[in-house]
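Heads up: the structure comes next, in structure tokens.
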Amino acid sequence: GNLLSEEIRDFTTINIQGTLTDRKFIISNLMVTIEGIDATLNNGKITLEEGAVAYIKNIKFNTEDIAIELNSDDSLIENVTINTSSSDAAIAIDGNGNTVTKSTITLSNETSAKAVTIKGSNNKITNNNITSNKAASVNAIIVDGDSVGNNILSNTITINNATDAKAVVINGKFNHSQVSSNNIYINATNVCAIDATGDMESAVINTNKIFVGTANTFKAIAIKGNLDNVTVNSNNIQTKNTTTINAIEVIGDFTNKAQIARNTINITNADSIVAVNVTGTLYSGSFVSTHIINITGKNVIGITVDKLTNSTELRSNSMNITATEQSDANVGIIVSGENYTVASNTVNGNVLPLKVYDSENVRVERLYGNITQAVVFSN
């Protein structure tokens, strides 16, 4: 049966004890606590409608459907365990100011799988464990539509045996929001660990650890759109035995400063590699700097930027590159633009250290490393 909110009052604690099957809890216009005591809901569901605020905790769900649906604001989900075989999200949020924390979500649908979907602003997804070992297509956390202030922080996301795998997907607006301090582990055919498209003004993608096993195509962080004041800093990316890599790909419109810095990228035994690819006009105050890049493979580029302008800098990057096949396509740094500086970079390896093209008023200073090939300037 169903528990309807007419039966309870504000500030009620609803205790769920033992195993219940096919039970649905529908709450509206009330503030309640829903707490499990050794509780398991088999094909059960909790829905919060307009005006409902709930603290949902300590419940295990085994379900073929959405487990928790939040159509209201300011609720907290803590320490729940969800095992779902649905292709729908385990937790669906269509509201503002909600938090999902310290919870475990296991996805077992064999076709497609989603853990959390978000429509709304100022929601937090923090300190959760999300695992998929079966689905062909996985989009673990999805933020969709116009939103600000959403934070995806300190989650562990593990995806295995997928054809197409994405840990975090952002479509639309993600202004003043964060994807930070997550641990992402993926073994799949096609991987884009953090995939963001839309309005990313003042978005932060920092301190994520992304580890990918063998893949055909791999992007660790790919963002595209309005990128004013975007920050992509201090991420740690590792992969091996992979083909077609853009470890960090940033493509967009920069009408204000951007920071892409201090990322560590380790790639071994790979083919068609670009460690950092930035496309779009970077303006004053922007910088691409202080990366640590270690690559072994063929068809290798360390950093490519198109284009720097108005006193922007490509500075203090350090890379060790071993090209397993000799080619003019193997380059440490490729850059274009006008009125910019390339300074204090280190390129070690058997590659062309620096290629500057379509540029005016460029300053190249202090290029270090065991450089055996000449710097190339071309139109």
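As shown in the structure tokens, the chain order sets the letters A, B, ...; within each chain, residues go from 1, and ligands are also counted from 1 in the order they appear.
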Check segment 98-316 of chain A with DSSP on the backbone and list each residue it calls strand (DSSP E), as a ChimeraX atom specification. /A:99-101,104-107,112-119,124-126,129-132,137-145,151-153,156-173,178-180,183-199,204-206,209-212,217-226,231-233,236-240,243-253,259-261,264-282,287-289,292-309,313-315
Option closest in space to His291 of chain A, from A:Met319, A:Ile82, A:Leu76, A:Ile273 [counting only C-alpha atoms]: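 Closest to His291 of chain A, using only C-alpha atoms: A:Met319.
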Compile the contact shell of Gly337 of chain A as a list in words: residues with an atom at most 10 Å away, counting only C-alpha atoms, same-chain residues fewer than 6 positions apart removed.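 Result of the neighbour search: Thr281, Leu282, Val305, Asp306, Lys307, Leu308, Thr309, Asn310, Thr312, Val356, Tyr357, Asp358, Ser359, Glu360, Asn361 and Val362 of chain A.
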Excluding Asn241 of chain A and its own-chain neighbours fewer than 6 positions away, which residues fall within 12 Å of it when counting only C-alpha atoms? Please give them as a ChimeraX atom specification. /A:187,189,212-218,266-273,295-298
Please identify all polymer residues within 8 Å of Ser311 of chain A, counting only C-alpha atoms, omitting same-chain residues fewer than 6 positions from it, and present them as an mmCIF file with all heavy atoms, in the first residue's frame.
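For reference, result_22.cif as written:
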data_model
loop_
_atom_site.group_PDB
_atom_site.id
_atom_site.type_symbol
_atom_site.label_atom_id
_atom_site.label_comp_id
_atom_site.auth_asym_id
_atom_site.auth_seq_id
_atom_site.Cartn_x
_atom_site.Cartn_y
_atom_site.Cartn_z
ATOM 1 N N TYR A 283 41.567 35.600 -22.865
ATOM 2 C CA TYR A 283 41.796 37.020 -22.679
ATOM 3 C C TYR A 283 42.663 37.302 -21.455
ATOM 4 O O TYR A 283 43.061 36.398 -20.731
ATOM 5 C CB TYR A 283 40.445 37.744 -22.573
ATOM 6 C CG TYR A 283 39.736 37.820 -23.906
ATOM 7 C CD1 TYR A 283 38.854 36.819 -24.290
ATOM 8 C CD2 TYR A 283 39.976 38.874 -24.780
ATOM 9 C CE1 TYR A 283 38.206 36.876 -25.512
ATOM 10 C CE2 TYR A 283 39.337 38.938 -26.007
ATOM 11 C CZ TYR A 283 38.448 37.939 -26.367
ATOM 12 O OH TYR A 283 37.830 37.990 -27.578
ATOM 13 N N SER A 284 42.918 38.584 -21.238
ATOM 14 C CA SER A 284 43.824 39.031 -20.186
ATOM 15 C C SER A 284 43.464 38.427 -18.840
ATOM 16 O O SER A 284 42.303 38.381 -18.445
ATOM 17 C CB SER A 284 43.775 40.551 -20.086
ATOM 18 O OG SER A 284 44.643 41.018 -19.083
ATOM 19 N N GLY A 285 44.506 37.949 -18.144
ATOM 20 C CA GLY A 285 44.316 37.323 -16.852
ATOM 21 C C GLY A 285 44.183 35.824 -16.924
ATOM 22 O O GLY A 285 44.186 35.145 -15.895
ATOM 23 N N ASN A 339 50.093 38.937 -28.717
ATOM 24 C CA ASN A 339 50.386 39.624 -27.457
ATOM 25 C C ASN A 339 50.349 38.665 -26.264
ATOM 26 O O ASN A 339 49.661 38.888 -25.274
ATOM 27 C CB ASN A 339 49.392 40.777 -27.217
ATOM 28 C CG ASN A 339 49.421 41.804 -28.318
ATOM 29 O OD1 ASN A 339 50.489 42.208 -28.787
ATOM 30 N ND2 ASN A 339 48.247 42.216 -28.769
ATOM 31 N N TYR A 340 51.103 37.591 -26.349
ATOM 32 C CA TYR A 340 51.116 36.614 -25.263
ATOM 33 C C TYR A 340 52.539 36.175 -24.971
ATOM 34 O O TYR A 340 53.478 36.477 -25.709
ATOM 35 C CB TYR A 340 50.238 35.406 -25.597
ATOM 36 C CG TYR A 340 50.718 34.548 -26.741
ATOM 37 C CD1 TYR A 340 51.584 33.478 -26.526
ATOM 38 C CD2 TYR A 340 50.299 34.788 -28.041
ATOM 39 C CE1 TYR A 340 52.020 32.675 -27.565
ATOM 40 C CE2 TYR A 340 50.720 33.992 -29.094
ATOM 41 C CZ TYR A 340 51.582 32.941 -28.851
ATOM 42 O OH TYR A 340 52.015 32.157 -29.883
ATOM 43 N N THR A 341 52.696 35.424 -23.870
ATOM 44 C CA THR A 341 54.010 34.990 -23.418
ATOM 45 C C THR A 341 54.019 33.478 -23.204
ATOM 46 O O THR A 341 53.097 32.912 -22.616
ATOM 47 C CB THR A 341 54.372 35.677 -22.086
ATOM 48 O OG1 THR A 341 54.402 37.093 -22.281
ATOM 49 C CG2 THR A 341 55.736 35.215 -21.584
#
Please provide as number ranges by chain all residues within 8 Å of segment 111-126 of chain A, with the sequence filter that same-chain residues fewer than 6 positions apart are discarded (counting only C-alpha atoms). A: 86-102, 105, 132, 134-155
If you keep C-alpha atoms, can you produce a file of those selected residues as a short mmCIF file (atom, residue, chain, number, x, y, z; two decimals), in the first residue's frame?
data_model
loop_
_atom_site.label_atom_id
_atom_site.label_comp_id
_atom_site.auth_asym_id
_atom_site.auth_seq_id
_atom_site.Cartn_x
_atom_site.Cartn_y
_atom_site.Cartn_z
CA SER A 86 16.18 0.47 -13.65
CA SER A 87 17.38 2.56 -16.58
CA ASP A 88 15.92 5.57 -14.73
CA ALA A 89 17.89 7.39 -12.07
CA ALA A 90 18.10 5.88 -8.61
CA ILE A 91 17.59 9.38 -7.18
CA ALA A 92 15.81 12.06 -9.23
CA ILE A 93 16.02 15.65 -8.01
CA ASP A 94 13.76 18.37 -9.42
CA GLY A 95 14.19 21.04 -6.80
CA ASN A 96 16.65 23.33 -5.05
CA GLY A 97 18.90 23.04 -2.03
CA ASN A 98 18.76 19.25 -1.65
CA THR A 99 21.67 17.11 -0.43
CA VAL A 100 22.55 13.47 -1.09
CA THR A 101 25.43 12.29 1.09
CA LYS A 102 27.17 9.21 2.49
CA ILE A 105 24.21 3.35 -5.26
CA SER A 132 28.09 0.18 -12.33
CA LYS A 134 26.95 -4.18 -16.18
CA ALA A 135 25.41 -1.34 -18.20
CA ALA A 136 26.52 -0.67 -21.77
CA SER A 137 25.85 3.07 -21.37
CA VAL A 138 26.44 4.84 -18.05
CA ASN A 139 25.84 8.49 -17.12
CA ALA A 140 26.35 8.31 -13.38
CA ILE A 141 25.45 11.88 -12.33
CA ILE A 142 23.53 14.19 -14.67
CA VAL A 143 22.89 17.91 -14.19
CA ASP A 144 20.36 19.14 -16.74
CA GLY A 145 18.75 22.49 -17.52
CA ASP A 146 19.28 25.97 -16.09
CA SER A 147 20.92 25.87 -12.70
CA VAL A 148 23.45 27.58 -10.45
CA GLY A 149 25.34 26.53 -7.37
CA ASN A 150 25.22 22.74 -7.79
CA ASN A 151 28.15 20.94 -6.18
CA ILE A 152 29.34 17.40 -6.93
CA LEU A 153 32.03 16.77 -4.35
CA SER A 154 34.13 13.91 -2.95
CA ASN A 155 32.21 11.05 -4.56
#
What are the closest atom pairs, with distances in Å to one decimal, for all residues of segment 178-223 of chain A lying within 10 Å of segment 251-257 of chain A? Consider only C-alpha atoms, order rows by chain and residue number, and present the result as CSV.
residue,atom,partner,partner_atom,distance
A:Thr197,CA,A:Gly252,CA,9.4
A:Gly198,CA,A:Gly252,CA,9.3
A:Asp199,CA,A:Gly252,CA,9.7
A:Met200,CA,A:Gly252,CA,9.7
A:Glu201,CA,A:Phe254,CA,9.3
A:Ser202,CA,A:Lys257,CA,9.7
A:Ala222,CA,A:Ile251,CA,8.0
A:Ile223,CA,A:Ile251,CA,6.3
Spatial neighbours of segment 129-131 of chain A, 7 Å, only C-alpha atoms, chain gap at least 6 places, as number ranges by chain: A: 103-107, 155-159
For those residues, write all heavy atoms to a file as a PDB file, in the first residue's frame.
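The file below, part11.pdb, is the result:
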ATOM      1  N   SER A 103      25.951   7.943   0.840  1.00  0.00           N
ATOM      2  CA  SER A 103      25.068   6.894   0.355  1.00  0.00           C
ATOM      3  C   SER A 103      25.766   6.036  -0.691  1.00  0.00           C
ATOM      4  O   SER A 103      26.762   6.443  -1.290  1.00  0.00           O
ATOM      5  CB  SER A 103      23.780   7.500  -0.209  1.00  0.00           C
ATOM      6  OG  SER A 103      23.053   8.156   0.810  1.00  0.00           O
ATOM      7  N   THR A 104      25.218   4.827  -0.906  1.00  0.00           N
ATOM      8  CA  THR A 104      25.795   3.864  -1.844  1.00  0.00           C
ATOM      9  C   THR A 104      24.751   3.506  -2.885  1.00  0.00           C
ATOM     10  O   THR A 104      23.628   3.096  -2.535  1.00  0.00           O
ATOM     11  CB  THR A 104      26.255   2.597  -1.110  1.00  0.00           C
ATOM     12  OG1 THR A 104      27.256   2.957  -0.159  1.00  0.00           O
ATOM     13  CG2 THR A 104      26.828   1.581  -2.088  1.00  0.00           C
ATOM     14  N   ILE A 105      25.126   3.652  -4.156  1.00  0.00           N
ATOM     15  CA  ILE A 105      24.209   3.347  -5.257  1.00  0.00           C
ATOM     16  C   ILE A 105      24.890   2.346  -6.179  1.00  0.00           C
ATOM     17  O   ILE A 105      25.976   2.605  -6.699  1.00  0.00           O
ATOM     18  CB  ILE A 105      23.826   4.617  -6.037  1.00  0.00           C
ATOM     19  CG1 ILE A 105      23.162   5.637  -5.097  1.00  0.00           C
ATOM     20  CG2 ILE A 105      22.903   4.271  -7.196  1.00  0.00           C
ATOM     21  CD1 ILE A 105      22.895   6.989  -5.740  1.00  0.00           C
ATOM     22  N   THR A 106      24.228   1.203  -6.383  1.00  0.00           N
ATOM     23  CA  THR A 106      24.738   0.176  -7.283  1.00  0.00           C
ATOM     24  C   THR A 106      23.764   0.021  -8.448  1.00  0.00           C
ATOM     25  O   THR A 106      22.565  -0.229  -8.238  1.00  0.00           O
ATOM     26  CB  THR A 106      24.902  -1.165  -6.552  1.00  0.00           C
ATOM     27  OG1 THR A 106      25.791  -0.984  -5.449  1.00  0.00           O
ATOM     28  CG2 THR A 106      25.478  -2.223  -7.493  1.00  0.00           C
ATOM     29  N   LEU A 107      24.293   0.179  -9.659  1.00  0.00           N
ATOM     30  CA  LEU A 107      23.481   0.154 -10.877  1.00  0.00           C
ATOM     31  C   LEU A 107      23.678  -1.182 -11.581  1.00  0.00           C
ATOM     32  O   LEU A 107      24.810  -1.569 -11.867  1.00  0.00           O
ATOM     33  CB  LEU A 107      23.899   1.294 -11.806  1.00  0.00           C
ATOM     34  CG  LEU A 107      23.945   2.692 -11.159  1.00  0.00           C
ATOM     35  CD1 LEU A 107      24.567   3.694 -12.122  1.00  0.00           C
ATOM     36  CD2 LEU A 107      22.553   3.140 -10.741  1.00  0.00           C
ATOM     37  N   ASN A 155      32.855  12.329  -4.287  1.00  0.00           N
ATOM     38  CA  ASN A 155      32.207  11.052  -4.558  1.00  0.00           C
ATOM     39  C   ASN A 155      33.210  10.069  -5.155  1.00  0.00           C
ATOM     40  O   ASN A 155      34.184  10.464  -5.795  1.00  0.00           O
ATOM     41  CB  ASN A 155      31.048  11.250  -5.530  1.00  0.00           C
ATOM     42  CG  ASN A 155      30.024  12.221  -4.999  1.00  0.00           C
ATOM     43  OD1 ASN A 155      29.233  11.896  -4.131  1.00  0.00           O
ATOM     44  ND2 ASN A 155      30.047  13.450  -5.515  1.00  0.00           N
ATOM     45  N   THR A 156      32.957   8.780  -4.975  1.00  0.00           N
ATOM     46  CA  THR A 156      33.722   7.733  -5.645  1.00  0.00           C
ATOM     47  C   THR A 156      32.809   7.068  -6.669  1.00  0.00           C
ATOM     48  O   THR A 156      31.760   6.522  -6.309  1.00  0.00           O
ATOM     49  CB  THR A 156      34.239   6.693  -4.646  1.00  0.00           C
ATOM     50  OG1 THR A 156      35.130   7.339  -3.722  1.00  0.00           O
ATOM     51  CG2 THR A 156      34.983   5.577  -5.359  1.00  0.00           C
ATOM     52  N   ILE A 157      33.215   7.127  -7.930  1.00  0.00           N
ATOM     53  CA  ILE A 157      32.401   6.609  -9.033  1.00  0.00           C
ATOM     54  C   ILE A 157      33.218   5.560  -9.771  1.00  0.00           C
ATOM     55  O   ILE A 157      34.308   5.852 -10.274  1.00  0.00           O
ATOM     56  CB  ILE A 157      31.974   7.739  -9.981  1.00  0.00           C
ATOM     57  CG1 ILE A 157      31.177   8.801  -9.214  1.00  0.00           C
ATOM     58  CG2 ILE A 157      31.157   7.185 -11.149  1.00  0.00           C
ATOM     59  CD1 ILE A 157      30.892  10.059 -10.010  1.00  0.00           C
ATOM     60  N   THR A 158      32.684   4.339  -9.847  1.00  0.00           N
ATOM     61  CA  THR A 158      33.375   3.226 -10.486  1.00  0.00           C
ATOM     62  C   THR A 158      32.485   2.664 -11.592  1.00  0.00           C
ATOM     63  O   THR A 158      31.331   2.286 -11.332  1.00  0.00           O
ATOM     64  CB  THR A 158      33.698   2.117  -9.475  1.00  0.00           C
ATOM     65  OG1 THR A 158      34.473   2.681  -8.408  1.00  0.00           O
ATOM     66  CG2 THR A 158      34.485   0.999 -10.138  1.00  0.00           C
ATOM     67  N   ILE A 159      33.025   2.605 -12.811  1.00  0.00           N
ATOM     68  CA  ILE A 159      32.277   2.089 -13.959  1.00  0.00           C
ATOM     69  C   ILE A 159      33.138   1.055 -14.668  1.00  0.00           C
ATOM     70  O   ILE A 159      34.266   1.352 -15.072  1.00  0.00           O
ATOM     71  CB  ILE A 159      31.896   3.217 -14.937  1.00  0.00           C
ATOM     72  CG1 ILE A 159      31.071   4.302 -14.227  1.00  0.00           C
ATOM     73  CG2 ILE A 159      31.128   2.657 -16.138  1.00  0.00           C
ATOM     74  CD1 ILE A 159      30.843   5.545 -15.057  1.00  0.00           C
TER      75      ILE A 159
END
Figure out the distance between atom CA of Thr264 of chain A and atom CA of Ser234 of chain A, please, to one decimal in Å.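 Computing the Euclidean distance for atom CA of Ser234 of chain A and atom CA of Thr264 of chain A yields 6.9 Å.
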